[in-house]
>>> print(open('structure_16.txt').read())   # compact mmCIF, C-alpha atoms and all ligand atoms
# COMPACT_ATOMS: atom_id res chain seq x y z
CA MET A 560 22.79 1.25 -2.76
CA ILE A 561 21.16 -2.18 -2.43
CA ILE A 562 18.02 -2.18 -0.27
CA LEU A 563 15.89 -5.00 1.08
CA GLY A 564 12.26 -3.94 1.66
CA ILE A 565 10.00 -5.79 4.12
CA GLU A 566 6.22 -5.34 4.25
CA THR A 567 3.86 -7.15 6.64
CA SER A 568 1.33 -4.48 7.68
CA CYS A 569 -1.79 -6.33 6.58
CA ASP A 570 -2.50 -9.52 4.63
CA GLU A 571 0.40 -9.46 2.17
CA THR A 572 3.82 -10.82 3.07
CA ALA A 573 6.18 -8.99 0.74
CA LEU A 574 9.93 -8.68 0.20
CA SER A 575 11.80 -6.76 -2.43
CA ILE A 576 15.42 -6.04 -3.32
CA ILE A 577 16.29 -2.91 -5.30
CA ASP A 578 19.45 -1.27 -6.54
CA VAL A 579 19.31 2.54 -6.40
CA THR A 580 21.68 4.91 -8.16
CA GLU A 581 21.61 8.63 -8.88
CA ASN A 582 22.42 10.30 -12.22
CA GLU A 583 21.61 13.58 -13.99
CA GLN A 584 18.15 12.30 -14.96
CA GLY A 585 17.24 11.59 -11.34
CA THR A 586 17.00 8.56 -9.07
CA GLN A 587 17.36 5.26 -10.94
CA ILE A 588 15.77 2.15 -9.47
CA LYS A 589 16.45 -1.36 -10.66
CA ILE A 590 14.21 -4.07 -9.24
CA LEU A 591 16.34 -7.13 -8.53
CA ALA A 592 13.47 -9.07 -6.92
CA ASN A 593 9.91 -8.30 -5.91
CA ALA A 594 7.85 -11.01 -4.24
CA VAL A 595 4.35 -10.71 -2.78
CA LEU A 596 2.64 -13.60 -1.05
CA SER A 597 -1.03 -12.85 -0.60
CA GLN A 598 -2.96 -14.40 2.28
CA ILE A 599 -6.29 -13.59 0.63
CA ALA A 600 -7.26 -17.25 0.17
CA ILE A 601 -6.89 -17.79 3.93
CA HIS A 602 -8.72 -14.62 5.01
CA THR A 603 -11.56 -15.16 2.51
CA GLN A 604 -12.84 -17.98 4.74
CA TYR A 605 -13.40 -15.44 7.53
CA GLY A 606 -14.72 -12.60 5.31
CA GLY A 607 -11.96 -10.21 6.45
CA VAL A 608 -8.44 -10.02 7.81
CA PHE A 609 -7.82 -11.40 11.30
CA PRO A 610 -4.66 -9.85 12.80
CA MET A 611 -3.52 -12.99 14.62
CA VAL A 612 -4.00 -15.13 11.50
CA ALA A 613 -2.05 -12.55 9.48
CA LYS A 614 0.74 -12.61 12.09
CA ARG A 615 0.98 -16.41 11.97
CA GLU A 616 1.09 -16.46 8.17
CA HIS A 617 3.79 -13.76 7.98
CA GLY A 618 5.92 -15.78 10.43
CA LYS A 619 5.53 -18.84 8.24
CA ASN A 620 6.14 -17.10 4.90
CA LEU A 621 9.01 -14.67 5.49
CA THR A 622 11.95 -17.09 5.43
CA PRO A 623 10.94 -18.99 2.23
CA LEU A 624 10.25 -15.62 0.61
CA LEU A 625 13.67 -14.32 1.68
CA LYS A 626 15.30 -17.37 0.12
CA LYS A 627 13.41 -16.67 -3.09
CA VAL A 628 14.35 -12.97 -3.38
CA LEU A 629 18.01 -13.68 -2.55
CA GLU A 630 18.11 -16.31 -5.29
CA GLU A 631 16.39 -14.03 -7.80
CA SER A 632 18.84 -11.20 -7.07
CA GLY A 633 21.84 -13.48 -7.47
CA PHE A 634 22.88 -13.11 -3.81
CA SER A 635 22.79 -16.84 -3.17
CA ASP A 636 25.94 -17.46 -5.23
CA SER A 637 28.56 -15.20 -3.66
CA GLY A 638 29.60 -14.00 -0.22
CA GLU A 639 30.47 -15.80 2.97
CA THR A 640 28.27 -17.81 5.29
CA ASN A 641 29.18 -15.92 8.44
CA SER A 642 25.87 -14.89 9.99
CA LYS A 643 25.87 -13.91 13.69
CA LEU A 644 23.22 -16.10 15.24
CA ASP A 645 23.87 -15.67 18.99
CA SER A 646 21.27 -12.94 19.70
CA LEU A 647 18.57 -14.19 17.30
CA ALA A 648 16.67 -16.03 20.04
CA THR A 649 16.29 -12.76 21.98
CA VAL A 650 15.24 -10.70 18.96
CA LEU A 651 12.73 -13.33 17.85
CA ASP A 652 11.50 -14.15 21.32
CA ARG A 653 7.85 -13.71 20.19
CA GLU A 654 8.20 -15.34 16.77
CA PRO A 655 9.11 -19.01 17.46
CA GLU A 656 8.26 -20.26 13.97
CA LEU A 657 10.30 -17.53 12.33
CA LEU A 658 13.23 -18.16 14.70
CA LYS A 659 13.24 -21.86 13.89
CA GLN A 660 13.18 -21.27 10.14
CA LEU A 661 15.89 -18.59 10.26
CA LEU A 662 18.15 -20.76 12.43
CA ASP A 663 17.83 -23.45 9.77
CA PHE A 664 18.32 -21.12 6.82
CA LEU A 665 20.94 -18.54 7.85
CA PRO A 666 23.87 -20.92 8.49
CA THR A 667 23.48 -22.14 4.90
CA ALA A 668 22.96 -18.68 3.35
CA LYS A 669 25.59 -16.43 1.85
CA LYS A 670 25.71 -13.00 3.50
CA PRO A 671 24.22 -10.71 0.80
CA ALA A 672 25.74 -7.37 -0.27
CA ILE A 673 22.69 -5.47 1.02
CA ASP A 674 23.39 -1.94 2.33
CA LEU A 675 20.09 -1.17 4.03
CA ILE A 676 16.99 -2.96 5.31
CA ALA A 677 13.73 -0.97 5.10
CA VAL A 678 10.76 -2.24 7.08
CA THR A 679 7.18 -1.02 7.50
CA TYR A 680 6.61 -0.05 11.13
CA GLY A 681 3.12 1.41 10.62
CA PRO A 682 0.33 2.08 10.05
CA GLY A 683 -1.38 -1.31 9.92
CA LEU A 684 -2.30 -4.29 12.07
CA GLU A 685 0.08 -4.21 15.00
CA PRO A 686 0.63 -7.98 15.49
CA ALA A 687 1.34 -8.26 11.75
CA LEU A 688 3.66 -5.25 11.73
CA TRP A 689 5.71 -6.67 14.64
CA VAL A 690 6.61 -9.80 12.66
CA GLY A 691 8.19 -7.70 9.91
CA VAL A 692 9.93 -5.40 12.39
CA ASN A 693 11.39 -8.35 14.33
CA PHE A 694 12.42 -10.06 11.11
CA ALA A 695 14.27 -6.88 10.04
CA LYS A 696 16.04 -6.71 13.39
CA ALA A 697 17.03 -10.38 13.18
CA LEU A 698 18.55 -9.95 9.71
CA SER A 699 20.23 -6.74 10.86
CA VAL A 700 22.03 -8.42 13.75
CA ALA A 701 22.78 -11.56 11.74
CA TRP A 702 24.31 -9.68 8.81
CA ASP A 703 25.28 -6.37 10.40
CA ILE A 704 23.11 -4.22 8.12
CA PRO A 705 21.39 -0.98 9.27
CA VAL A 706 17.58 -0.77 9.42
CA VAL A 707 15.31 2.12 8.54
CA ALA A 708 11.73 2.12 9.88
CA THR A 709 9.41 3.12 7.06
CA ASN A 710 5.90 4.58 6.87
CA HIS A 711 3.62 2.39 4.75
CA MET A 712 1.62 5.39 3.47
CA GLU A 713 4.76 7.25 2.42
CA GLY A 714 5.61 4.10 0.44
CA HIS A 715 2.26 4.33 -1.37
CA ILE A 716 3.07 7.96 -2.29
CA LEU A 717 6.65 7.43 -3.44
CA ILE A 718 6.03 4.34 -5.57
CA SER A 719 3.56 6.35 -7.66
CA LEU A 720 6.42 8.62 -8.72
CA GLN A 721 8.48 5.96 -10.43
CA GLN A 722 8.29 5.73 -14.19
CA ARG A 723 9.35 2.67 -16.15
CA ASN A 724 12.34 3.27 -18.42
CA GLN A 725 11.06 2.32 -21.86
CA ASP A 726 14.20 1.52 -23.81
CA VAL A 727 16.52 0.18 -21.12
CA GLN A 728 16.41 -3.25 -19.41
CA ALA A 729 13.18 -4.51 -17.93
CA ASN A 730 12.47 -3.66 -14.30
CA SER A 731 14.34 -0.40 -14.53
CA TYR A 732 12.61 2.77 -13.33
CA GLN A 733 13.35 6.36 -12.55
CA LEU A 734 11.93 8.91 -10.19
CA LYS A 735 11.63 12.29 -11.84
CA ALA A 736 11.77 15.61 -10.03
CA LEU A 737 8.39 16.60 -8.65
CA SER A 738 6.66 19.89 -9.41
CA LEU A 739 5.42 21.28 -6.06
CA PRO A 740 3.08 21.77 -4.32
CA ALA A 741 1.80 18.25 -4.82
CA LEU A 742 -1.27 16.54 -3.45
CA ALA A 743 -1.48 12.83 -2.68
CA LEU A 744 -4.80 11.02 -2.48
CA LEU A 745 -4.26 7.81 -0.54
CA ILE A 746 -7.12 5.36 -0.92
CA SER A 747 -6.79 1.88 0.53
CA GLY A 748 -8.53 -0.64 2.75
CA GLY A 749 -7.50 1.21 5.90
CA HIS A 750 -7.03 4.79 4.71
CA THR A 751 -8.63 7.65 2.84
CA GLU A 752 -6.39 10.69 3.14
CA LEU A 753 -5.50 13.81 1.27
CA VAL A 754 -1.88 14.70 1.88
CA LEU A 755 -0.38 18.03 0.92
CA VAL A 756 3.28 17.87 -0.10
CA ARG A 757 4.64 21.43 -0.04
CA ASP A 758 8.27 20.26 0.11
CA TRP A 759 9.95 16.99 -0.86
CA LEU A 760 9.37 14.37 1.90
CA ASN A 761 7.25 16.80 3.89
CA TYR A 762 3.64 15.74 4.44
CA GLU A 763 0.57 17.43 5.90
CA ILE A 764 -2.79 15.66 6.07
CA VAL A 765 -5.44 18.11 4.87
CA GLY A 766 -8.40 15.72 4.58
CA ARG A 767 -9.34 12.30 5.87
CA THR A 768 -12.28 9.96 6.30
CA ARG A 769 -14.36 10.45 9.42
CA ASP A 770 -15.43 6.81 9.50
CA ASP A 771 -14.81 3.98 6.99
CA ALA A 772 -11.98 4.00 4.47
CA ILE A 773 -13.06 3.89 0.84
CA GLY A 774 -11.59 0.38 0.29
CA GLU A 775 -13.38 -0.80 3.42
CA ALA A 776 -16.65 0.51 1.91
CA PHE A 777 -15.95 -1.41 -1.33
CA ASP A 778 -15.29 -4.54 0.75
CA LYS A 779 -18.43 -4.11 2.89
CA VAL A 780 -20.71 -3.37 -0.08
CA ALA A 781 -19.33 -6.48 -1.77
CA ARG A 782 -20.22 -8.49 1.32
CA ILE A 783 -23.79 -7.07 1.25
CA LEU A 784 -24.05 -8.20 -2.38
CA GLY A 785 -22.77 -11.66 -1.43
CA LEU A 786 -19.39 -11.27 -3.12
CA PRO A 787 -16.14 -12.66 -1.65
CA TYR A 788 -13.38 -10.69 0.13
CA PRO A 789 -11.61 -8.49 -0.96
CA GLY A 790 -14.60 -6.87 -2.59
CA GLY A 791 -12.95 -3.95 -4.42
CA PRO A 792 -12.01 -5.88 -7.56
CA GLN A 793 -15.39 -7.70 -7.54
CA ILE A 794 -17.42 -4.48 -7.35
CA SER A 795 -15.20 -2.94 -9.98
CA ALA A 796 -15.75 -5.87 -12.38
CA LEU A 797 -19.54 -5.81 -11.85
CA ALA A 798 -19.69 -2.03 -12.34
CA GLU A 799 -17.72 -2.33 -15.55
CA LYS A 800 -20.08 -5.03 -16.80
CA ALA A 801 -23.03 -2.75 -16.00
CA ARG A 802 -21.43 0.08 -18.00
CA SER A 803 -20.72 -2.16 -20.99
CA GLN A 804 -24.39 -3.23 -20.98
CA GLN A 805 -25.56 0.38 -20.44
CA LEU A 806 -27.25 -0.80 -17.28
CA THR A 807 -28.05 2.15 -15.01
CA ALA A 808 -29.66 2.45 -11.62
CA ASP A 809 -32.76 4.24 -13.00
CA SER A 810 -35.01 3.38 -10.12
CA PHE A 811 -32.64 4.24 -7.28
CA SER A 812 -29.72 6.48 -6.43
CA LEU A 813 -27.19 6.44 -3.61
CA PRO A 814 -26.00 9.45 -1.58
CA ARG A 815 -22.70 11.27 -2.24
CA PRO A 816 -21.67 11.86 1.41
CA MET A 817 -20.00 15.20 2.23
CA LEU A 818 -19.83 16.11 -1.45
CA LYS A 819 -20.81 19.71 -0.79
CA SER A 820 -19.26 20.15 2.68
CA ASP A 821 -16.77 23.02 2.84
CA ASN A 822 -13.85 20.88 4.01
CA LEU A 823 -11.70 18.11 2.53
CA ASP A 824 -12.95 15.28 4.72
CA PHE A 825 -14.75 12.14 3.60
CA SER A 826 -17.37 9.77 4.99
CA PHE A 827 -18.17 6.37 3.50
CA SER A 828 -20.08 4.63 6.26
CA GLY A 829 -23.45 6.20 5.29
CA LEU A 830 -22.96 5.18 1.67
CA LYS A 831 -22.43 1.57 2.71
CA THR A 832 -25.53 1.71 4.96
CA ALA A 833 -27.57 3.18 2.09
CA VAL A 834 -26.59 0.14 0.00
CA LEU A 835 -27.72 -2.14 2.82
CA TYR A 836 -31.17 -0.46 3.11
CA LEU A 837 -31.55 -0.42 -0.65
CA THR A 838 -30.84 -4.14 -1.03
CA GLN A 839 -33.30 -4.96 1.77
CA LYS A 840 -36.06 -3.30 -0.27
CA LEU A 841 -35.27 -5.22 -3.45
CA PRO A 842 -36.60 -8.73 -4.28
CA GLN A 843 -34.48 -11.51 -2.73
CA PRO A 844 -32.25 -13.13 -3.77
CA LEU A 845 -30.84 -10.12 -5.62
CA SER A 846 -30.95 -10.49 -9.38
CA GLU A 847 -27.66 -10.24 -11.29
CA ASP A 848 -28.94 -7.05 -12.95
CA ASN A 849 -29.67 -5.43 -9.60
CA LYS A 850 -26.23 -6.42 -8.27
CA MET A 851 -24.58 -4.90 -11.33
CA ALA A 852 -26.65 -1.70 -11.13
CA ILE A 853 -25.88 -1.27 -7.41
CA ALA A 854 -22.16 -1.90 -7.97
CA ARG A 855 -22.13 0.74 -10.69
CA GLU A 856 -24.08 3.32 -8.69
CA PHE A 857 -21.90 2.70 -5.60
CA GLU A 858 -18.69 3.02 -7.63
CA ASP A 859 -19.99 6.20 -9.30
CA ALA A 860 -20.91 7.71 -5.91
CA ALA A 861 -17.53 6.88 -4.34
CA THR A 862 -15.65 8.15 -7.40
CA GLU A 863 -17.62 11.39 -7.55
CA VAL A 864 -16.84 12.19 -3.91
CA VAL A 865 -13.07 11.65 -4.21
CA ILE A 866 -12.97 13.59 -7.49
CA GLU A 867 -14.81 16.58 -6.02
CA LYS A 868 -12.62 16.72 -2.89
CA VAL A 869 -9.46 16.57 -4.97
CA ARG A 870 -10.80 19.24 -7.33
CA LYS A 871 -11.41 21.47 -4.31
CA ALA A 872 -7.93 20.82 -2.89
CA ILE A 873 -6.27 21.51 -6.27
CA ASP A 874 -7.92 24.95 -6.38
CA LEU A 875 -7.31 25.70 -2.71
CA TYR A 876 -3.57 24.94 -2.69
CA GLY A 877 -2.64 25.69 -6.31
CA ILE A 878 -1.59 22.07 -6.80
CA GLU A 879 0.84 21.28 -9.66
CA THR A 880 1.08 17.50 -9.23
CA LEU A 881 -1.46 14.90 -8.17
CA ILE A 882 -0.26 11.57 -6.81
CA LEU A 883 -2.62 8.64 -6.32
CA GLY A 884 -1.67 5.79 -4.01
CA GLY A 885 -3.18 2.73 -2.31
CA GLY A 886 -5.01 -0.43 -3.35
CA VAL A 887 -8.18 1.33 -4.56
CA VAL A 888 -6.13 3.06 -7.28
CA ALA A 889 -6.36 -0.30 -9.09
CA ASN A 890 -9.96 0.72 -9.82
CA LYS A 891 -10.26 1.55 -13.53
CA ASN A 892 -13.15 3.99 -13.15
CA ILE A 893 -11.25 5.96 -10.51
CA ARG A 894 -8.06 5.98 -12.60
CA SER A 895 -9.82 7.25 -15.74
CA SER A 896 -11.83 9.87 -13.80
CA PHE A 897 -8.61 11.31 -12.37
CA GLN A 898 -7.00 11.24 -15.80
CA LYS A 899 -9.85 13.46 -17.05
CA LEU A 900 -9.74 15.78 -14.02
CA THR A 901 -5.99 16.39 -14.25
CA ILE A 902 -6.19 17.13 -17.99
CA GLU A 903 -8.97 19.62 -17.28
CA LYS A 904 -6.96 21.23 -14.43
CA ASN A 905 -3.60 21.07 -16.21
CA VAL A 906 -2.08 19.13 -13.31
CA THR A 907 0.56 16.38 -13.71
CA LEU A 908 -0.81 13.01 -12.63
CA HIS A 909 1.28 10.22 -11.11
CA LEU A 910 -0.37 6.82 -10.95
CA PRO A 911 1.29 3.63 -9.74
CA GLU A 912 1.35 0.70 -12.15
CA ILE A 913 -1.70 -1.42 -11.31
CA SER A 914 0.45 -4.25 -9.95
CA HIS A 915 2.27 -1.77 -7.67
CA SER A 916 -0.87 -0.10 -6.32
CA THR A 917 -1.75 -2.80 -3.79
CA ASP A 918 0.64 -3.55 -0.92
CA ASN A 919 4.18 -4.56 -1.86
CA ALA A 920 7.70 -4.24 -0.49
CA LEU A 921 9.07 -2.32 -3.44
CA MET A 922 7.36 0.80 -2.12
CA ILE A 923 8.91 0.18 1.30
CA ALA A 924 12.41 -0.18 -0.16
CA ILE A 925 11.92 3.09 -2.08
CA ALA A 926 10.63 4.93 1.01
CA GLY A 927 13.59 3.45 2.92
CA TYR A 928 16.01 4.86 0.36
CA PHE A 929 14.70 8.41 0.79
CA ASN A 930 14.81 8.06 4.58
CA ARG A 931 18.21 6.35 4.64
CA THR A 932 19.73 9.00 6.90
CA LYS A 933 17.36 7.85 9.66
CA SER A 934 18.70 4.30 9.64
CA VAL A 935 19.89 2.68 12.86
CA THR A 936 22.10 -0.26 13.80
CA GLU A 937 22.38 -2.56 16.79
CA THR A 938 24.43 -0.10 18.80
CA THR A 939 22.39 2.99 17.93
CA GLY A 940 18.88 2.00 18.80
CA LEU A 941 17.78 -0.95 16.70
CA LEU A 942 15.83 -2.33 19.63
CA ASP A 943 13.91 0.95 19.96
CA ILE A 944 12.13 0.49 16.61
CA LYS A 945 8.55 -0.32 17.51
CA ALA A 946 5.56 -1.23 15.39
CA ASN A 947 2.93 1.52 15.48
CA GLY A 948 -0.49 0.52 14.13
CA ASN A 949 -1.79 4.11 14.18
CA LEU A 950 1.29 5.77 12.73
CA SER A 951 0.52 9.02 10.93
CA PHE A 952 2.66 11.46 8.96
CA PRO A 953 5.35 12.79 9.35
CA SER A 954 7.19 9.54 9.07
CA THR A 955 9.79 9.94 11.76
CA PRO A 956 10.55 6.65 13.51
CA THR A 957 9.44 6.44 17.15
CA VAL A 958 13.00 6.13 18.44
O1 LIG A 1001 -3.35 -0.70 -0.23
P1 LIG A 1001 -4.03 -2.00 -0.04
O2 LIG A 1001 -3.51 -3.19 -0.81
O3 LIG A 1001 -4.05 -2.43 1.45
C1 LIG A 1001 -4.24 -1.52 2.50
O4 LIG A 1001 -3.24 -0.89 2.93
O5 LIG A 1001 -5.43 -1.40 2.89
O6 LIG A 1001 -5.58 -1.79 -0.39
C2 LIG A 1001 -6.51 -2.84 -0.32
C3 LIG A 1001 -7.88 -2.31 -0.66
C4 LIG A 1001 -9.01 -3.30 -0.39
O7 LIG A 1001 -10.05 -2.65 0.31
C5 LIG A 1001 -9.47 -3.70 -1.80
O8 LIG A 1001 -10.83 -4.05 -1.87
C6 LIG A 1001 -9.18 -2.43 -2.56
O9 LIG A 1001 -7.96 -1.98 -2.06
N1 LIG A 1001 -9.11 -2.66 -4.01
C7 LIG A 1001 -9.97 -2.13 -4.89
C8 LIG A 1001 -9.61 -2.63 -6.17
N2 LIG A 1001 -8.53 -3.45 -6.02
C9 LIG A 1001 -8.24 -3.46 -4.67
N3 LIG A 1001 -11.01 -1.28 -4.71
C10 LIG A 1001 -11.71 -0.91 -5.80
N4 LIG A 1001 -11.43 -1.34 -7.06
C11 LIG A 1001 -10.40 -2.20 -7.28
N5 LIG A 1001 -10.15 -2.62 -8.53
ZN ZN A 1002 -1.48 -0.24 1.67
>>> encode(input="structure_16.txt", output="structure tokens")
Amino acid sequence: MIILGIETSCDETALSIIDVTENEQGTQIKILANAVLSQIAIHTQYGGVFPMVAKREHGKNLTPLLKKVLEESGFSDSGETNSKLDSLATVLDREPELLKQLLDFLPTAKKPAIDLIAVTYGPGLEPALWVGVNFAKALSVAWDIPVVATNHMEGHILISLQQRNQDVQANSYQLKALSLPALALLISGGHTELVLVRDWLNYEIVGRTRDDAIGEAFDKVARILGLPYPGGPQISALAEKARSQQLTADSFSLPRPMLKSDNLDFSFSGLKTAVLYLTQKLPQPLSEDNKMAIAREFEDAATEVVIEKVRKAIDLYGIETLILGGGVVANKNIRSSFQKLTIEKNVTLHLPEISHSTDNALMIAIAGYFNRTKSVTETTGLLDIKANGNLSFPSTPTV
């Protein structure tokens, strides 16, 4: 099955084409193309992501990116140029730039042998999500391909399960059977959730942040320290530098919010505020050493909290497998702390490759594959697929 994945929930415009087959070893995934166009340079000027700017950029980027992934997958060479363009103007009523570009491109493009289009319909920034959803619908009517609406967070979970095949061709992966019950810790710019997976593709949120997401806290602390957006990688680099120089925060410590609470919820807003108060007390401008020490202490505090909550959940539910997903999993300190915890607890750990931990469309194509029975076509409710910024689990489309 050939699947096109489309991801536009935040500030990354991403498309991916995969080829999925099943054999006795499990689900085999070959990546034919995987393109991510980051808008970070644009959003950095504003210090955060502006939904309407993200929407505009997605509209501008999707068609050139589609051209690129079709070329990379070899779909530009064969097939017929018989796209149905008559209803495109209706489908892309709200995306004039995208409509113009597609009307230029599609008559010249070969219809690709794609079996399914998977698109993120939530959660995320609604104006940004709509561009991807409308793009999926446009391609569906033009090429007569079914669409499956996909949950972004489920994508973050499923992509962590794929393991690179060592001795076969590059870009070839497999998804091994999962030992259940599993627990997924999803940590990104918009989410901090603990998801219990008792059965395959069955999700129950058992813990969540009560205020800021962990990635948001990284980004805000970075801003307090005068570092550019997105702050996660910046804080992480400073903290690592502090560790290599054995620089510790001897004279101050930050709180570990809700560390000892008897539930699985998180809170990161107080931690961020504690950093703000702390920096206000220190000599200005902040010295490099102070910045490094704060970054390290903040990262240690955030890591300790997620580790303790996961430890608690592992014991509570008798967890066999731990899955980490979301952009913050790129953090080296967090990755190595979970490696230690899972060895201690004798739990299997699934981590996404670092380059697959931030937003991409590969994860959407994979989630689409496992939800393929929920796909729709023009006649069976394509127009009912709606972007849902606050989408939660379970990932049933709002049709
Ligand atoms: O999953 P993602 O790409 O987008 C969302 O769905 O939010 O996650 C982005 C978040 C940002 O807050 C970014 O600062 C954070 O992931 N992040 C990191 C690191 N790399 C990205 N946080 C801590 N350490 C990192 N190395
Ligand atoms: Zn994400």
>>> residues_around(input="structure_16.txt", residues="stretch 655-660 of chain A", least_positions_apart="4", cutoff="9 Å", atoms="all atoms listed in the file", output="ChimeraX atom specification")
/A:615,617-623,647-648,650-651,664-665,690,694,697
>>> write_last_selection(input="structure_16.txt", atoms="C-alpha atoms", output="JSON list (two decimals), keeping the file's coordinate frame")
[["chain", "number", "residue", "atom", "x", "y", "z"],
["A", 615, "ARG", "CA", 0.98, -16.41, 11.97],
["A", 617, "HIS", "CA", 3.79, -13.76, 7.98],
["A", 618, "GLY", "CA", 5.92, -15.78, 10.43],
["A", 619, "LYS", "CA", 5.53, -18.84, 8.24],
["A", 620, "ASN", "CA", 6.14, -17.10, 4.90],
["A", 621, "LEU", "CA", 9.01, -14.67, 5.49],
["A", 622, "THR", "CA", 11.95, -17.09, 5.43],
["A", 623, "PRO", "CA", 10.94, -18.99, 2.23],
["A", 647, "LEU", "CA", 18.57, -14.19, 17.30],
["A", 648, "ALA", "CA", 16.67, -16.03, 20.04],
["A", 650, "VAL", "CA", 15.24, -10.70, 18.96],
["A", 651, "LEU", "CA", 12.73, -13.33, 17.85],
["A", 664, "PHE", "CA", 18.32, -21.12, 6.82],
["A", 665, "LEU", "CA", 20.94, -18.54, 7.85],
["A", 690, "VAL", "CA", 6.61, -9.80, 12.66],
["A", 694, "PHE", "CA", 12.42, -10.06, 11.11],
["A", 697, "ALA", "CA", 17.03, -10.38, 13.18]]
>>> residues_around(input="structure_16.txt", residues="stretch 878-890 of chain A", least_positions_apart="5", cutoff="7 Å", atoms="all atoms listed in the file", output="number ranges by chain")
A: 715-716, 719, 738-747, 774, 795, 873, 906-911, 913, 916-918
>>> closest_residue(input="structure_16.txt", among="A:Ala573, A:Ala677, A:Val869, A:Ile599", to="A:Val628", atoms="all atoms listed in the file")
A:Ala573
>>> atom_distance(input="structure_16.txt", atom1="atom CA of A:Ser642", atom2="atom CA of A:Asn693")
16.5 Å
>>> closest_residue(input="structure_16.txt", among="A:Gln722, A:Leu737, A:Ala861, A:Gly877", to="A:Leu818", atoms="only C-alpha atoms")
A:Ala861
>>> atom_distance(input="structure_16.txt", atom1="atom CA of A:Leu806", atom2="atom CA of A:Arg855")
8.5 Å
>>> closest_residue(input="structure_16.txt", among="A:Ala687, A:Leu698, A:Met817, A:Leu830", to="A:Ala776", atoms="only C-alpha atoms")
A:Leu830
>>> residues_around(input="structure_16.txt", residues="A:Ala781", least_positions_apart="6", cutoff="7 Å", atoms="all atoms listed in the file", output="VMD selection string")
chain A and resid 787 790 794
>>> write_last_selection(input="structure_16.txt", atoms="C-alpha atoms", output="mmCIF file, in the frame of the given file")
data_model
loop_
_atom_site.group_PDB
_atom_site.id
_atom_site.type_symbol
_atom_site.label_atom_id
_atom_site.label_comp_id
_atom_site.auth_asym_id
_atom_site.auth_seq_id
_atom_site.Cartn_x
_atom_site.Cartn_y
_atom_site.Cartn_z
ATOM 1 C CA PRO A 787 -16.140 -12.660 -1.650
ATOM 2 C CA GLY A 790 -14.600 -6.870 -2.590
ATOM 3 C CA ILE A 794 -17.420 -4.480 -7.350
#
>>> atom_distance(input="structure_16.txt", atom1="atom CA of A:Leu823", atom2="atom CA of A:Asn949")
20.7 Å
>>> residues_around(input="structure_16.txt", residues="A:Ala672", least_positions_apart="6", cutoff="8 Å", atoms="only C-alpha atoms", output="ChimeraX atom specification")
/A:561,634,638
>>> residues_around(input="structure_16.txt", residues="A:Ala695", least_positions_apart="6", cutoff="12 Å", atoms="all atoms listed in the file", output="PyMOL selection string")
chain A and resi 562-567+574+621-622+625+647+650-651+657+661+675-680+688-689+701-709+935-937+941-942+944-946
>>> closest_residue(input="structure_16.txt", among="A:Glu639, A:Glu713, A:Glu763, A:Glu799", to="ligand ZN 1002 (chain A)", atoms="only C-alpha atoms and all ligand atoms")
A:Glu713
>>> closest_residue(input="structure_16.txt", among="A:Met611, A:Ala798, A:Ile902, A:Met712", to="ligand ZN 1002 (chain A)", atoms="only C-alpha atoms and all ligand atoms")
A:Met712
>>> residues_near_point(input="structure_16.txt", point="(-3.9, -14.5, 3.9)", cutoff="8 Å", atoms="only C-alpha atoms", output="list of chain:residue names")
A:Asp570, A:Glu571, A:Ser597, A:Gln598, A:Ile599, A:Ala600, A:Ile601, A:His602, A:Thr603, A:Val608, A:Val612, A:Ala613, A:Glu616
>>> residues_near_point(input="structure_16.txt", point="(-29.3, 3.0, -4.4)", cutoff="6 Å", atoms="only C-alpha atoms", output="MDAnalysis selection string")
chainID A and resid 811:813 834 837
>>> closest_residue(input="structure_16.txt", among="A:Gln839, A:Gln805, A:Gln793, A:Ser846", to="ligand LIG 1001 (chain A)", atoms="only C-alpha atoms and all ligand atoms")
A:Gln793
